[in-house]
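Participant: Sending over coords.cif (mmCIF, C-alpha atoms).
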```
data_start
loop_
_atom_site.label_atom_id
_atom_site.label_comp_id
_atom_site.auth_asym_id
_atom_site.auth_seq_id
_atom_site.Cartn_x
_atom_site.Cartn_y
_atom_site.Cartn_z
CA MET O 737 81.31 -66.04 37.59
CA SER O 738 77.74 -64.88 38.04
CA GLU O 739 75.35 -63.96 35.33
CA ARG O 740 73.52 -60.65 35.22
CA THR O 741 69.80 -60.91 35.74
CA GLY O 742 66.88 -58.55 35.38
CA ASN O 743 66.09 -55.97 32.78
CA PRO O 744 69.11 -54.00 31.59
CA VAL O 745 69.08 -50.24 32.08
CA LYS O 746 69.24 -48.60 28.68
CA ALA O 747 71.41 -45.67 29.77
CA ILE O 748 73.03 -44.95 26.41
CA PRO O 749 69.72 -44.29 24.60
CA LEU O 750 68.70 -42.04 27.51
CA ARG O 751 71.84 -39.98 26.95
CA ALA O 752 71.00 -39.73 23.27
CA TYR O 753 67.50 -38.53 24.19
CA GLY O 754 69.08 -35.97 26.48
CA TYR O 755 71.26 -34.64 23.66
CA ALA O 756 68.25 -34.49 21.35
CA ALA O 757 66.19 -32.62 23.93
CA ALA O 758 69.03 -30.16 24.56
CA GLY O 759 69.34 -29.61 20.81
CA LEU O 760 65.63 -28.89 20.47
CA VAL O 761 65.78 -26.42 23.35
CA LEU O 762 68.71 -24.60 21.76
CA LEU O 763 66.89 -24.43 18.43
CA ALA O 764 63.79 -22.98 20.09
CA LEU O 765 65.54 -20.31 22.18
CA PRO O 766 65.37 -17.48 19.58
CA PHE O 767 61.57 -17.70 19.71
CA TYR O 768 61.48 -17.02 23.46
CA LEU O 769 64.63 -15.22 24.66
CA GLU O 770 65.26 -11.51 24.39
CA ARG O 771 68.16 -10.08 22.39
CA PHE O 772 70.48 -9.68 25.39
CA TRP O 773 70.50 -13.38 26.25
CA LEU O 774 70.85 -14.48 22.64
CA GLN O 775 73.81 -12.15 22.22
CA ALA O 776 75.35 -13.46 25.45
CA GLY O 777 74.80 -16.98 24.17
CA LEU O 778 76.57 -16.14 20.92
CA PHE O 779 79.55 -14.82 22.88
CA ALA O 780 79.57 -18.15 24.72
CA ILE O 781 79.37 -20.12 21.46
CA ALA O 782 82.30 -18.17 19.98
CA ALA O 783 84.28 -18.68 23.19
CA ALA O 784 83.54 -22.42 23.11
CA ILE O 785 84.82 -22.70 19.52
CA GLY O 786 88.03 -20.88 20.41
CA ALA O 787 88.41 -22.95 23.60
CA ILE O 788 88.19 -26.19 21.60
CA GLY O 789 91.09 -24.98 19.49
CA ILE O 790 93.41 -24.13 22.36
CA ASN O 791 92.39 -27.31 24.18
CA LEU O 792 93.62 -29.34 21.23
CA LEU O 793 96.94 -27.56 21.56
CA THR O 794 97.33 -27.30 25.33
CA GLY O 795 95.07 -30.01 26.73
CA ALA O 796 95.68 -32.77 24.20
CA THR O 797 99.23 -32.00 23.04
CA GLY O 798 100.69 -30.27 26.10
CA GLN O 799 101.72 -27.09 24.26
CA LEU O 800 101.21 -23.83 26.15
CA SER O 801 100.16 -20.87 24.02
CA MET O 802 99.69 -17.31 25.21
CA GLY O 803 98.95 -15.97 21.74
CA HIS O 804 95.45 -17.30 21.11
CA ALA O 805 94.00 -13.77 21.07
CA PHE O 806 96.27 -12.92 18.14
CA PHE O 807 94.63 -15.52 15.93
CA LEU O 808 91.15 -14.39 16.98
CA ALA O 809 92.17 -10.92 15.83
CA VAL O 810 93.43 -12.31 12.51
CA GLY O 811 90.06 -13.97 11.93
CA ALA O 812 88.01 -10.93 12.96
CA TYR O 813 90.00 -8.30 11.09
CA GLY O 814 90.68 -10.63 8.19
CA TYR O 815 86.94 -10.97 7.63
CA CYS O 816 86.45 -7.19 7.83
CA ALA O 817 89.24 -6.52 5.33
CA LEU O 818 88.12 -9.21 2.91
CA ALA O 819 84.40 -8.41 3.05
CA GLY O 820 84.68 -4.61 3.35
CA ASP O 821 83.99 -2.59 0.22
CA GLY O 822 86.06 0.47 1.12
CA THR O 823 83.13 2.85 1.51
CA ASP O 824 84.20 3.58 5.10
CA GLY O 825 87.60 4.78 3.94
CA LEU O 826 89.37 1.60 5.05
CA SER O 827 90.95 -1.12 2.94
CA GLY O 828 88.59 -3.82 1.70
CA LEU O 829 88.36 -6.32 -1.14
CA GLY O 830 84.56 -6.45 -1.27
CA LEU O 831 84.38 -10.26 -1.38
CA PRO O 832 81.10 -12.08 -0.68
CA GLY O 833 80.58 -12.52 3.05
CA TRP O 834 80.69 -16.31 3.06
CA LEU O 835 83.91 -16.36 1.03
CA ALA O 836 85.46 -13.69 3.25
CA ALA O 837 84.62 -15.76 6.35
CA VAL O 838 86.20 -18.91 4.90
CA LEU O 839 89.30 -17.04 3.77
CA ALA O 840 89.61 -15.35 7.17
CA VAL O 841 89.78 -18.77 8.84
CA VAL O 842 92.34 -19.89 6.26
CA LEU O 843 94.29 -16.68 6.90
CA ALA O 844 94.40 -17.46 10.62
CA GLY O 845 95.67 -20.94 9.75
CA LEU O 846 98.36 -19.44 7.52
CA ALA O 847 99.41 -17.12 10.34
CA GLY O 848 99.67 -20.18 12.56
CA GLY O 849 101.62 -21.94 9.83
CA VAL O 850 104.19 -19.14 9.74
CA PHE O 851 104.73 -19.60 13.48
CA SER O 852 104.41 -23.41 13.40
CA PRO O 853 108.14 -24.15 12.89
CA ILE O 854 108.76 -22.45 16.23
CA ALA O 855 105.78 -24.26 17.78
CA GLY O 856 107.13 -27.57 16.51
CA ARG O 857 110.48 -27.14 18.21
CA LEU O 858 109.52 -25.50 21.50
CA HIS O 859 107.37 -26.97 24.22
CA GLY O 860 105.78 -26.05 27.53
CA ALA O 861 106.61 -22.69 29.04
CA TYR O 862 109.16 -21.96 26.30
CA LEU O 863 106.41 -21.93 23.68
CA GLY O 864 104.21 -19.87 25.98
CA ILE O 865 106.89 -17.20 26.27
CA ALA O 866 107.51 -17.24 22.51
CA THR O 867 103.82 -16.77 21.73
CA LEU O 868 103.76 -13.64 23.90
CA ALA O 869 105.48 -11.95 20.97
CA LEU O 870 102.38 -12.54 18.88
CA ILE O 871 100.29 -10.48 21.29
CA PHE O 872 102.75 -7.58 21.24
CA ILE O 873 103.08 -7.67 17.45
CA GLY O 874 99.33 -7.98 16.99
CA GLN O 875 98.52 -5.06 19.29
CA HIS O 876 101.07 -2.85 17.54
CA VAL O 877 99.66 -3.65 14.11
CA LEU O 878 96.03 -3.26 15.19
CA PHE O 879 96.60 0.14 16.72
CA ASN O 880 98.87 1.56 13.99
CA ALA O 881 97.75 0.03 10.67
CA HIS O 882 94.87 2.51 10.47
CA ASP O 883 94.01 1.91 6.81
CA LEU O 884 93.47 -1.78 7.55
CA THR O 885 92.19 -1.91 11.11
CA GLY O 886 90.75 1.54 11.75
CA GLY O 887 93.21 2.15 14.57
CA TYR O 888 92.03 2.65 18.12
CA ASN O 889 88.36 3.04 17.13
CA GLY O 890 88.34 -0.21 15.14
CA ARG O 891 86.17 -0.76 12.09
CA ALA O 892 82.62 -1.76 11.34
CA VAL O 893 81.94 -5.38 10.44
CA PRO O 894 80.16 -6.04 7.13
CA PRO O 895 77.12 -8.33 7.49
CA LEU O 896 77.46 -11.92 6.37
CA ASN O 897 75.60 -13.13 3.28
CA LEU O 898 74.94 -16.85 3.02
CA PHE O 899 72.60 -18.63 0.59
CA GLY O 900 70.80 -15.36 -0.13
CA LEU O 901 70.25 -14.63 3.58
CA THR O 902 71.82 -11.50 5.04
CA PHE O 903 72.71 -11.71 8.73
CA ASP O 904 71.76 -8.14 9.60
CA ASP O 905 68.92 -6.47 11.48
CA THR O 906 66.58 -6.59 8.50
CA GLU O 907 63.60 -8.37 10.04
CA LEU O 908 62.66 -11.81 8.82
CA LEU O 909 59.37 -13.22 10.08
CA VAL O 910 59.55 -16.84 11.21
CA ALA O 911 56.32 -18.20 12.72
CA GLN O 912 55.27 -14.58 13.31
CA VAL O 913 58.47 -13.94 15.29
CA PRO O 914 60.76 -11.20 13.91
CA PHE O 915 64.28 -12.47 13.37
CA GLY O 916 67.08 -9.89 13.39
CA ALA O 917 70.83 -10.29 13.17
CA VAL O 918 71.22 -11.98 16.55
CA GLU O 919 68.48 -14.55 15.90
CA LYS O 920 69.92 -15.42 12.50
CA LEU O 921 73.45 -15.65 13.83
CA TRP O 922 72.26 -17.93 16.63
CA TYR O 923 71.62 -20.80 14.22
CA LEU O 924 74.84 -20.15 12.34
CA GLY O 925 76.75 -20.21 15.63
CA LEU O 926 75.11 -23.50 16.67
CA ALA O 927 76.01 -25.07 13.34
CA LEU O 928 79.63 -23.91 13.58
CA LEU O 929 79.93 -25.13 17.17
CA ALA O 930 78.44 -28.52 16.32
CA GLY O 931 80.83 -28.89 13.39
CA GLY O 932 83.78 -27.83 15.54
CA VAL O 933 82.88 -30.29 18.28
CA LEU O 934 82.44 -33.22 15.90
CA PHE O 935 85.67 -32.51 14.06
CA ALA O 936 87.69 -32.15 17.27
CA ARG O 937 86.25 -35.36 18.71
CA GLY O 938 87.08 -37.16 15.49
CA VAL O 939 90.66 -35.92 15.67
CA LEU O 940 91.09 -36.91 19.31
CA ARG O 941 89.55 -40.36 18.86
CA GLY O 942 91.65 -41.20 15.80
CA ARG O 943 95.34 -41.82 15.24
CA PRO O 944 96.21 -38.09 15.40
CA GLY O 945 94.64 -37.88 18.84
CA ARG O 946 96.58 -40.85 20.14
CA ALA O 947 99.78 -39.34 18.78
CA MET O 948 98.97 -35.99 20.42
CA ASN O 949 98.36 -37.63 23.78
CA ALA O 950 101.58 -39.61 23.48
CA ILE O 951 103.51 -36.40 22.78
CA ARG O 952 101.88 -34.73 25.77
CA ASP O 953 102.56 -37.59 28.19
CA HIS O 954 105.92 -38.93 26.97
CA ARG O 955 107.51 -36.71 24.34
CA ILE O 956 110.80 -38.61 24.09
CA ALA O 957 109.08 -42.00 24.08
CA ALA O 958 106.73 -40.78 21.34
CA GLY O 959 109.70 -39.86 19.19
CA VAL O 960 111.32 -43.23 19.82
CA MET O 961 108.10 -44.95 18.68
CA GLY O 962 108.34 -43.12 15.36
CA ILE O 963 105.85 -40.31 15.94
CA PRO O 964 107.06 -37.14 14.17
CA VAL O 965 106.80 -34.90 17.23
CA ALA O 966 107.71 -31.59 15.59
CA ARG O 967 105.34 -32.18 12.67
CA HIS O 968 102.40 -33.06 14.92
CA ARG O 969 103.03 -30.05 17.14
CA ALA O 970 103.16 -27.74 14.14
CA ALA O 971 99.99 -29.24 12.63
CA VAL O 972 98.05 -28.91 15.89
CA PHE O 973 99.20 -25.32 16.22
CA VAL O 974 97.82 -24.54 12.77
CA LEU O 975 94.53 -26.31 13.58
CA SER O 976 94.24 -24.41 16.87
CA SER O 977 94.85 -21.16 14.98
CA MET O 978 92.02 -21.94 12.55
CA TYR O 979 89.61 -22.61 15.41
CA ALA O 980 90.63 -19.25 16.88
CA GLY O 981 90.13 -17.57 13.51
CA LEU O 982 86.63 -19.03 13.24
CA ALA O 983 85.82 -17.80 16.75
CA GLY O 984 87.14 -14.37 15.77
CA VAL O 985 84.89 -14.20 12.70
CA LEU O 986 81.83 -15.11 14.77
CA LEU O 987 82.75 -12.59 17.47
CA ALA O 988 83.13 -9.87 14.86
CA LEU O 989 79.70 -10.66 13.40
CA VAL O 990 78.12 -10.53 16.86
CA PHE O 991 79.90 -7.36 18.04
CA GLN O 992 79.39 -5.70 14.64
CA ARG O 993 82.58 -3.73 15.32
CA THR O 994 86.16 -4.84 15.90
CA VAL O 995 88.17 -3.03 18.58
CA PRO O 996 91.95 -3.65 18.96
CA GLU O 997 91.90 -3.38 22.74
CA TYR O 998 89.70 -6.48 23.01
CA PHE O 999 92.33 -8.78 21.46
CA GLY O 1000 94.95 -8.38 24.16
CA MET O 1001 96.66 -10.44 26.80
CA ALA O 1002 93.57 -10.63 28.99
CA LEU O 1003 91.68 -12.50 26.26
CA SER O 1004 94.43 -15.11 25.93
CA LEU O 1005 94.41 -15.63 29.69
CA GLU O 1006 90.64 -16.05 29.62
CA TYR O 1007 90.99 -18.86 27.09
CA LEU O 1008 93.52 -20.62 29.28
CA ALA O 1009 91.07 -20.25 32.17
CA MET O 1010 88.33 -21.79 30.02
CA ILE O 1011 90.20 -25.01 29.35
CA VAL O 1012 91.45 -25.36 32.92
CA ILE O 1013 87.97 -24.85 34.35
CA GLY O 1014 86.34 -27.08 31.73
CA GLY O 1015 88.92 -29.84 31.75
CA LEU O 1016 92.18 -30.22 29.83
CA GLY O 1017 91.99 -32.54 26.86
CA SER O 1018 88.18 -32.75 26.85
CA VAL O 1019 86.11 -31.27 24.02
CA ALA O 1020 83.00 -31.16 26.20
CA GLY O 1021 85.07 -29.56 28.94
CA ALA O 1022 86.32 -26.87 26.55
CA VAL O 1023 82.73 -26.05 25.62
CA ALA O 1024 81.64 -25.97 29.27
CA GLY O 1025 84.59 -23.79 30.28
CA GLY O 1026 84.02 -21.43 27.36
CA VAL O 1027 80.35 -21.02 28.23
CA PHE O 1028 81.14 -20.46 31.91
CA VAL O 1029 83.82 -17.82 31.37
CA ALA O 1030 81.95 -16.02 28.58
CA LEU O 1031 78.55 -15.92 30.29
CA LEU O 1032 79.72 -14.96 33.77
CA PRO O 1033 80.48 -11.27 33.05
CA GLN O 1034 77.27 -10.98 31.03
CA VAL O 1035 75.17 -12.31 33.91
CA LEU O 1036 76.95 -10.11 36.45
CA ASN O 1037 76.43 -7.08 34.24
CA ARG O 1038 72.76 -7.91 33.85
CA TYR O 1039 72.12 -8.28 37.57
CA ALA O 1040 74.75 -5.86 38.90
CA GLU O 1041 72.19 -3.81 40.83
CA ALA O 1042 70.91 -6.86 42.70
CA LEU O 1043 74.34 -8.22 43.69
CA PRO O 1044 76.39 -7.05 46.66
CA LEU O 1045 79.67 -5.20 45.94
CA VAL O 1046 78.96 -5.27 42.19
CA SER O 1047 77.78 -2.17 40.35
CA ALA O 1048 78.08 -0.40 37.04
CA PRO O 1049 81.60 0.75 36.04
CA GLY O 1050 82.67 4.08 37.55
CA THR O 1051 80.35 3.98 40.56
CA GLY O 1052 82.99 2.98 43.11
CA ASP O 1053 82.19 -0.69 43.64
CA ILE O 1054 83.54 -3.65 41.70
CA ALA O 1055 82.62 -3.54 38.00
CA PRO O 1056 80.95 -6.66 36.55
CA GLY O 1057 83.98 -7.45 34.38
CA GLU O 1058 86.34 -7.27 37.34
CA ALA O 1059 84.02 -9.37 39.49
CA ALA O 1060 83.87 -11.99 36.73
CA ARG O 1061 87.67 -12.19 36.63
CA TYR O 1062 87.79 -12.64 40.41
CA LEU O 1063 85.22 -15.42 40.24
CA TYR O 1064 86.69 -17.44 37.43
CA GLY O 1065 90.15 -16.87 38.91
CA ALA O 1066 88.82 -18.46 42.08
CA ALA O 1067 87.26 -21.18 39.92
CA VAL O 1068 90.66 -21.96 38.39
CA VAL O 1069 92.20 -22.33 41.85
CA GLY O 1070 89.29 -24.48 43.00
CA VAL O 1071 89.52 -26.75 39.96
CA VAL O 1072 93.28 -27.20 40.33
CA LEU O 1073 92.96 -28.04 44.02
CA PHE O 1074 89.76 -30.06 44.21
CA LEU O 1075 88.68 -31.05 40.69
CA PRO O 1076 91.74 -31.69 38.49
CA GLY O 1077 89.60 -32.94 35.62
CA GLY O 1078 87.54 -29.73 35.47
CA LEU O 1079 83.83 -29.47 34.85
CA ALA O 1080 84.02 -32.45 32.50
CA ARG O 1081 84.60 -34.69 35.53
CA LEU O 1082 81.27 -33.64 36.98
CA VAL O 1083 79.39 -35.21 34.09
CA ALA O 1084 78.24 -38.66 35.15
CA ARG O 1085 79.67 -41.39 33.00
CA THR O 1086 77.11 -43.61 31.36
CA PRO O 1087 77.63 -47.28 32.24
CA ILE O 1088 78.23 -49.67 29.39
CA HIS O 1089 75.28 -52.00 28.98
CA ARG O 1090 75.98 -55.69 28.92
CA PRO O 1091 73.42 -58.07 27.44
CA SER O 1092 71.47 -60.02 30.03
CA GLY O 1093 73.12 -63.28 29.06
CA GLU O 1094 76.70 -62.01 29.35
CA THR O 1095 78.83 -63.06 32.30
CA ARG O 1096 81.09 -60.76 34.25
#
```
Before anything else, please render the file you have as structure tokens.
Facilitator:
Amino acid sequence: MSERTGNPVKAIPLRAYGYAAAGLVLLALPFYLERFWLQAGLFAIAAAIGAIGINLLTGATGQLSMGHAFFLAVGAYGYCALAGDGTDGLSGLGLPGWLAAVLAVVLAGLAGGVFSPIAGRLHGAYLGIATLALIFIGQHVLFNAHDLTGGYNGRAVPPLNLFGLTFDDTELLVAQVPFGAVEKLWYLGLALLAGGVLFARGVLRGRPGRAMNAIRDHRIAAGVMGIPVARHRAAVFVLSSMYAGLAGVLLALVFQRTVPEYFGMALSLEYLAMIVIGGLGSVAGAVAGGVFVALLPQVLNRYAEALPLVSAPGTGDIAPGEAARYLYGAAVVGVVLFLPGGLARLVARTPIHRPSGETR
């Protein structure tokens, strides 16, 4: 056995420096980017949070869900109903914004809990078919419960109040830079995404994560080893629903208006595309896939005039939204065929450093 010689390459600290540099760049973006890009970034952050949730369910546990958009709607409309004061003629409890946001996430978790007995007993395509009912039920309620949802036209989203700061377009000067709603929400979104990433990684690296992976890979063997399969499936479904509810609250705050048509089947399919493109079972992959799928239509819309075959809706060529679906549809096929691990596999793995005196 030979002994390593020479100076060791400190790759792990370099990765930490890279994360720190990326964090500083993200914190500085509101001082330099225009509103459009910050808003697009917030859409990507919300998508990444929701993608982490469905990746815990589908990527880590092997449970297919087609109803993720339903729980986003529960979070978005739950926040509006809890924080609304009724001055717009719609139902509202007038709760403080921060409390309404927390309760909206809990409400999404409760909605997932109601469905969790079914999620605990079904698996694979059977669960996917069952969760289709959530989309149909959700769309019916959103379009017809006018006093609660505003019907087809939706309802306005009350601004969030947190620690005396209102996340609206009232300008706040920071280093002589005016901060409006988007700039303020940017930092809130980053904090929520960071918390969601850390919590999901903690779950996957602990005993729950090992149990989830065992259920995904060998369901019967996991049950023989004493893992309560139905209970774990139900719990992960509730957790995934809460992630979706949190993403729905953030989306509502960014859009500033909730529209029922947005929370349909297409949105659920987009979330499945996110985790396939990013990498099933990977938190970083879920974030990467969410950012890719959420930003692509925004970029195409921004540069539609400069791109071939892409133009504004109604002009005869392909609309930016349609072009985005074609592209990430092609990306899904490409990932399945040539990169089974998704975008997460493209990230170079940092080698583990061995001390210079250690033998192979």
Participant: Please determine, counting only C-alpha atoms, which residue among O:Val995, O:Ala1060, O:Val985, O:Ala1022 has the shortest atom-to-atom distance to Leu793 of chain O.
Facilitator: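 Checking each of O:Val995, O:Ala1060, O:Val985, O:Ala1022 against Leu793 of chain O, counting only C-alpha atoms, the winner is O:Ala1022.
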Participant: Residues within 7 Å of Asn791 of chain O, please, as a PDB file with C-alpha atoms, in the frame of the given file. Count only C-alpha atoms; anything in the same chain fewer than 3 positions from it doesn't count.
Facilitator:
```
ATOM      1  CA  ALA O 787      88.410 -22.950  23.600  1.00  0.00           C
ATOM      2  CA  ILE O 788      88.190 -26.190  21.600  1.00  0.00           C
ATOM      3  CA  THR O 794      97.330 -27.300  25.330  1.00  0.00           C
ATOM      4  CA  GLY O 795      95.070 -30.010  26.730  1.00  0.00           C
ATOM      5  CA  ALA O 796      95.680 -32.770  24.200  1.00  0.00           C
ATOM      6  CA  ILE O1011      90.200 -25.010  29.350  1.00  0.00           C
ATOM      7  CA  LEU O1016      92.180 -30.220  29.830  1.00  0.00           C
ATOM      8  CA  GLY O1017      91.990 -32.540  26.860  1.00  0.00           C
ATOM      9  CA  ALA O1022      86.320 -26.870  26.550  1.00  0.00           C
TER      10      ALA O1022
END
```
Participant: I'd like the interatomic distance between atom CA of Gly811 of chain O and atom CA of Ala927 of chain O, to a tenth of an Å.
Facilitator: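 Taking atom CA of Gly811 of chain O as the start and atom CA of Ala927 of chain O as the end point, the length is 18.0 Å.
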Participant: Applied to this file, what does the PyMOL selection byres ((chain O and resi 871-882) around 7) return in terms of residues, put as a ChimeraX atom specification?
Facilitator: /O:803,806,868-870,883-888,996,1000-1001
Participant: Output, as JSON, the centre and edge lengths in Å (one decimal) of the axis-aligned box that contains all listed atoms of segment 829-842 of chain O with 6 Å of margin on each side.
Facilitator:
```
{"center_x": 86.5, "center_y": -13.1, "center_z": 3.7, "size_x": 23.8, "size_y": 25.6, "size_z": 22.2}
```
Participant: Given the file above and the PyMOL selection byres ((chain O and resi 1032) around 10), which residues are selected, and can you give them as a PyMOL selection string?
Facilitator: chain O and resi 776+780+1027-1031+1033-1038+1056-1057+1059-1061+1063-1064
Participant: Nearest residue to Thr994 of chain O out of O:His804, O:Arg891, O:Arg771, O:His859, using only C-alpha atoms?
Facilitator: O:Arg891
Participant: Taking into account all atoms listed in the file, which residue in the set O:Phe1074, O:Tyr1039, O:Tyr998, O:Phe903 is nearest to Ala809 of chain O?
Facilitator: O:Tyr998
Participant: Expressed in Å to a single decimal, how great is the separation between atom CA of Met978 of chain O and atom CA of Gly845 of chain O?
Facilitator: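 Between atom CA of Met978 of chain O and atom CA of Gly845 of chain O the gap works out to 4.7 Å.
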Participant: Which polymer residues, whether protein, DNA or RNA, lie within 12 Å of the coordinate (85.6, -29.2, 11.9) when you count only C-alpha atoms? List them as a PyMOL selection string, using the chain letters and numbers from the file.
Facilitator: chain O and resi 785+788-789+841+927-939+975-976+978-979+982
Participant: Please expand the PyMOL selection byres ((chain O and resi 951) around 9) into the concrete residues it hits in this file, giving the result as an MDAnalysis selection string.
Facilitator: chainID O and resid 796:798 946:950 952:959 963 965 968:969
Participant: Could you take the residues named above and write them with C-alpha atoms, as a JSON list (two decimals), in the frame of the given file?
Facilitator:
```json
[["chain", "number", "residue", "atom", "x", "y", "z"],
["O", 796, "ALA", "CA", 95.68, -32.77, 24.20],
["O", 797, "THR", "CA", 99.23, -32.00, 23.04],
["O", 798, "GLY", "CA", 100.69, -30.27, 26.10],
["O", 946, "ARG", "CA", 96.58, -40.85, 20.14],
["O", 947, "ALA", "CA", 99.78, -39.34, 18.78],
["O", 948, "MET", "CA", 98.97, -35.99, 20.42],
["O", 949, "ASN", "CA", 98.36, -37.63, 23.78],
["O", 950, "ALA", "CA", 101.58, -39.61, 23.48],
["O", 952, "ARG", "CA", 101.88, -34.73, 25.77],
["O", 953, "ASP", "CA", 102.56, -37.59, 28.19],
["O", 954, "HIS", "CA", 105.92, -38.93, 26.97],
["O", 955, "ARG", "CA", 107.51, -36.71, 24.34],
["O", 956, "ILE", "CA", 110.80, -38.61, 24.09],
["O", 957, "ALA", "CA", 109.08, -42.00, 24.08],
["O", 958, "ALA", "CA", 106.73, -40.78, 21.34],
["O", 959, "GLY", "CA", 109.70, -39.86, 19.19],
["O", 963, "ILE", "CA", 105.85, -40.31, 15.94],
["O", 965, "VAL", "CA", 106.80, -34.90, 17.23],
["O", 968, "HIS", "CA", 102.40, -33.06, 14.92],
["O", 969, "ARG", "CA", 103.03, -30.05, 17.14]]
```
Participant: Expressed in Å to a single decimal, how great is the separation between atom CA of Pro1076 of chain O and atom CA of Arg941 of chain O?
Facilitator: 21.6 Å
Participant: Taking all atoms listed in the file into account, which of O:Ala764, O:Ala917, O:Leu831, O:Ala970 comes nearest Gln799 of chain O?
Facilitator: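 The closest residue to Gln799 of chain O is O:Ala970.
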Participant: If we count all atoms listed in the file, what is near Val974 of chain O at a cut-off of 6 Å, once residues fewer than 2 positions away on the same chain are taken out, given as a ChimeraX atom specification?
Facilitator: /O:845,848-849,971-972,976-977
Participant: Can you work out which one of O:Val990, O:Leu818, O:Leu1008, O:Val960 has the shortest atom-to-atom distance to Gly833 of chain O, counting all atoms listed in the file?
Facilitator: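 Comparing O:Val990, O:Leu818, O:Leu1008, O:Val960 against Gly833 of chain O, the winner is O:Leu818.
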Participant: Using all atoms listed in the file for the distances, tell me which of O:Gly900, O:Gly916, O:Gly754, O:Gly864 is nearest to Phe767 of chain O.
Facilitator: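 Between O:Gly900, O:Gly916, O:Gly754, O:Gly864, the residue approaching Phe767 of chain O most closely is O:Gly916.
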